[in-house]
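Asker: Have a look at this one before I ask anything.
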Amino acid sequence: VSIRWMAFLDKLVSFKGSKSYLELNRDVNELAIEIGLSTQEREMALELFHERGLIFHLTATEALRNIVVIKPQWLITALAKVIRDSSVHVDLREFREAGLGEDVTELFEEGIASRDILEYLWKHDQIDFFIDLMKRTMLMSEYGSSGNFFIPSLLHDKHESCDIFSCIFDFSETFLPHGLFQRLVCLCMEYVSRGKARNDSFIVYKNFARFERFRGQKVELSEHDQIIRLSTSESANDTIAVMESMLFKINSNVLNDRLKWQTLVLDESTGNFEPWQEKTQIDSTFLNLANFLDSL
């Protein structure tokens, strides 16, 4: 690492006492010019500092790219304002007085967040950044065309799902991390929304989701111990391939490829679950899955 890069890092972290983040197009760019870094060097240095955990800087969207976080506690505090136990940490009277009584009820009972309540919780500071961050980390998805957002980790009610399923994703070799099922549901919700399927077909509980992909194809997902169960009304192989691709995406983006699982399908002739062998080309009539996942 060059001396100029180290000087650049020193300049960035010197603001920790007064700021939680710096704006790329204003603060960071001025510091880079002062040090004598080119735009390419600046981007390479920021990428290295992020990889080493010295700063937090994502580049997937313009809103994410423009914020360089130098105090990670700022992120934790902001996300904890949304993802929290409402029975302990939420003063309903405060929200009612702010005219957000219905919004807060919908958020903590149904997991549906309005833009208004997010603006209030985050004190109108970098709202697009936090929305893109939660979407990028698969904690939030868009909720149809209403302008609202869906946060499945806020759901509490469980569903007694049926025992009829055609595929399981078995995580018992390692473990099924808390929140992974909800992230998978987030991806499914976004997938359905972008594919212009019926959003009102989406039924979600803490451990269960039912939705339609296309042409009325019904899909059910449920979480049970160390497995995720899948049942579908048709095109089983295609749906398994979609879900497995989403799991790979979560594993890569969130879990640094540390997660392991087995994809098993029901052999109707024996009644046993066997390793899934029949890989298939995913139908892109509904939505090009590769493009969708790359855009996250």
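Each chain of the structure tokens is named A, B, ... in the order shown, its residues numbered from 1; ligands are numbered from 1 in display order.
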Output as JSON, numbers by chain all residues of region 3-145 of chain A that backbone DSSP marks as helix (DSSP H, G or I).

Answerer: {"A": [3, 4, 5, 6, 7, 8, 9, 10, 11, 12, 13, 24, 25, 26, 27, 28, 29, 30, 31, 32, 33, 34, 35, 39, 40, 41, 42, 43, 44, 45, 46, 47, 48, 49, 50, 51, 62, 63, 64, 65, 73, 74, 75, 76, 77, 78, 79, 80, 86, 87, 88, 89, 92, 93, 94, 95, 96, 97, 101, 102, 103, 104, 105, 106, 107, 108, 109, 110, 115, 116, 117, 118, 119, 120, 121, 127, 128, 129, 130, 131, 132, 133, 134, 135, 136]}

Asker: What lies within 7 Å of region 12-29 of chain A using only C-alpha atoms, ignoring chain neighbours under 6 positions off, as a PyMOL selection string?

Answerer: chain A and resi 66-71+74

Asker: Output the selection as a PDB file, in the first residue's frame - N, CA and C atoms for each residue.

Answerer:
```pdb
ATOM      1  N   ASN A  66     -22.367   6.823  -3.155  1.00  0.00           N
ATOM      2  CA  ASN A  66     -22.044   8.188  -2.732  1.00  0.00           C
ATOM      3  C   ASN A  66     -21.803   8.328  -1.234  1.00  0.00           C
ATOM      4  N   ILE A  67     -22.013   7.246  -0.456  1.00  0.00           N
ATOM      5  CA  ILE A  67     -21.817   7.328   0.988  1.00  0.00           C
ATOM      6  C   ILE A  67     -20.664   6.425   1.413  1.00  0.00           C
ATOM      7  N   VAL A  68     -19.677   7.013   2.080  1.00  0.00           N
ATOM      8  CA  VAL A  68     -18.552   6.259   2.638  1.00  0.00           C
ATOM      9  C   VAL A  68     -18.696   6.315   4.156  1.00  0.00           C
ATOM     10  N   VAL A  69     -19.024   5.173   4.744  1.00  0.00           N
ATOM     11  CA  VAL A  69     -19.291   5.117   6.183  1.00  0.00           C
ATOM     12  C   VAL A  69     -17.975   4.935   6.936  1.00  0.00           C
ATOM     13  N   ILE A  70     -17.701   5.852   7.848  1.00  0.00           N
ATOM     14  CA  ILE A  70     -16.473   5.749   8.647  1.00  0.00           C
ATOM     15  C   ILE A  70     -16.772   5.367  10.095  1.00  0.00           C
ATOM     16  N   LYS A  71     -18.049   5.365  10.452  1.00  0.00           N
ATOM     17  CA  LYS A  71     -18.443   4.965  11.806  1.00  0.00           C
ATOM     18  C   LYS A  71     -19.558   3.921  11.687  1.00  0.00           C
ATOM     19  N   TRP A  74     -23.201   3.876  13.219  1.00  0.00           N
ATOM     20  CA  TRP A  74     -24.277   4.652  12.586  1.00  0.00           C
ATOM     21  C   TRP A  74     -25.216   3.731  11.816  1.00  0.00           C
TER      22      TRP A  74
END
```

Asker: For Ser2 (chain A), which residue among A:Ile33, A:Leu154, A:Ala45, A:Leu54 is the nearest when counting only C-alpha atoms?

Answerer: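 Once distances to Ser2 (chain A) are computed over only C-alpha atoms, the minimum belongs to A:Ala45.
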
Asker: How would you write, as a ChimeraX atom specification, the set of residues in region 103-275 of chain A that DSSP gives as strand (DSSP E)?

Answerer: /A:112-113,141-143,148-150,167-170,203-205,208-212,218-224,227-232,262-267,272-275

Asker: Do you know which residues are at most 10 Å from Tyr143 (chain A) counting only C-alpha atoms, after dropping those on the same chain fewer than 5 positions away, and could you put them as a PyMOL selection string?

Answerer: chain A and resi 112-114+148-151+186+189-190+192-193+199-200

Asker: Would you write out, as JSON lines, a table of all residues in region 105-149 of chain A that have an atom no more than 12 Å from an atom of region 174-181 of chain A, listing for each the closest atom pair and the distance in Å to one decimal, considering only C-alpha atoms and ordering rows by chain and rising residue number?

Answerer:
```
{"residue": "A:Thr137", "atom": "CA", "partner": "A:Leu180", "partner_atom": "CA", "distance": 10.9}
{"residue": "A:Met138", "atom": "CA", "partner": "A:Leu180", "partner_atom": "CA", "distance": 9.2}
{"residue": "A:Leu139", "atom": "CA", "partner": "A:Gly179", "partner_atom": "CA", "distance": 8.7}
{"residue": "A:Met140", "atom": "CA", "partner": "A:Gly179", "partner_atom": "CA", "distance": 11.8}
```

Asker: Store the residues picked out above in a file with all heavy atoms, as a PDB file, in the first residue's frame.

Answerer:
```pdb
ATOM      1  N   THR A 137     -28.799  -6.044   1.062  1.00  0.00           N
ATOM      2  CA  THR A 137     -28.528  -7.100   2.038  1.00  0.00           C
ATOM      3  C   THR A 137     -29.729  -8.028   2.225  1.00  0.00           C
ATOM      4  O   THR A 137     -29.743  -8.868   3.109  1.00  0.00           O
ATOM      5  CB  THR A 137     -28.129  -6.498   3.391  1.00  0.00           C
ATOM      6  OG1 THR A 137     -29.124  -5.537   3.800  1.00  0.00           O
ATOM      7  CG2 THR A 137     -26.786  -5.796   3.297  1.00  0.00           C
ATOM      8  N   MET A 138     -30.747  -7.834   1.378  1.00  0.00           N
ATOM      9  CA  MET A 138     -31.926  -8.703   1.304  1.00  0.00           C
ATOM     10  C   MET A 138     -32.724  -8.716   2.598  1.00  0.00           C
ATOM     11  O   MET A 138     -33.302  -9.732   2.992  1.00  0.00           O
ATOM     12  CB  MET A 138     -31.514 -10.122   0.884  1.00  0.00           C
ATOM     13  CG  MET A 138     -30.797 -10.138  -0.450  1.00  0.00           C
ATOM     14  SD  MET A 138     -29.884 -11.657  -0.743  1.00  0.00           S
ATOM     15  CE  MET A 138     -28.538 -11.047  -1.767  1.00  0.00           C
ATOM     16  N   LEU A 139     -32.749  -7.583   3.263  1.00  0.00           N
ATOM     17  CA  LEU A 139     -33.584  -7.415   4.450  1.00  0.00           C
ATOM     18  C   LEU A 139     -34.919  -6.767   4.092  1.00  0.00           C
ATOM     19  O   LEU A 139     -35.844  -6.770   4.897  1.00  0.00           O
ATOM     20  CB  LEU A 139     -32.863  -6.537   5.481  1.00  0.00           C
ATOM     21  CG  LEU A 139     -31.587  -7.123   6.080  1.00  0.00           C
ATOM     22  CD1 LEU A 139     -30.858  -6.066   6.902  1.00  0.00           C
ATOM     23  CD2 LEU A 139     -31.905  -8.344   6.938  1.00  0.00           C
ATOM     24  N   MET A 140     -35.016  -6.222   2.885  1.00  0.00           N
ATOM     25  CA  MET A 140     -36.194  -5.483   2.462  1.00  0.00           C
ATOM     26  C   MET A 140     -36.397  -5.681   0.961  1.00  0.00           C
ATOM     27  O   MET A 140     -35.433  -5.851   0.207  1.00  0.00           O
ATOM     28  CB  MET A 140     -35.997  -3.988   2.770  1.00  0.00           C
ATOM     29  CG  MET A 140     -37.017  -3.053   2.161  1.00  0.00           C
ATOM     30  SD  MET A 140     -36.475  -1.310   2.267  1.00  0.00           S
ATOM     31  CE  MET A 140     -36.769  -0.976   4.009  1.00  0.00           C
TER      32      MET A 140
END
```

Asker: Suppose you want the space between CA of Trp261 (chain A) and CA of His224 (chain A); what is it in Å?

Answerer: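 Those two atoms sit 14.2 Å apart.
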
Asker: Measuring between only C-alpha atoms, which one of A:Gly53, A:Val265, A:Leu259, A:Phe273 shows the shortest distance to Ala241 (chain A)?

Answerer: A:Val265
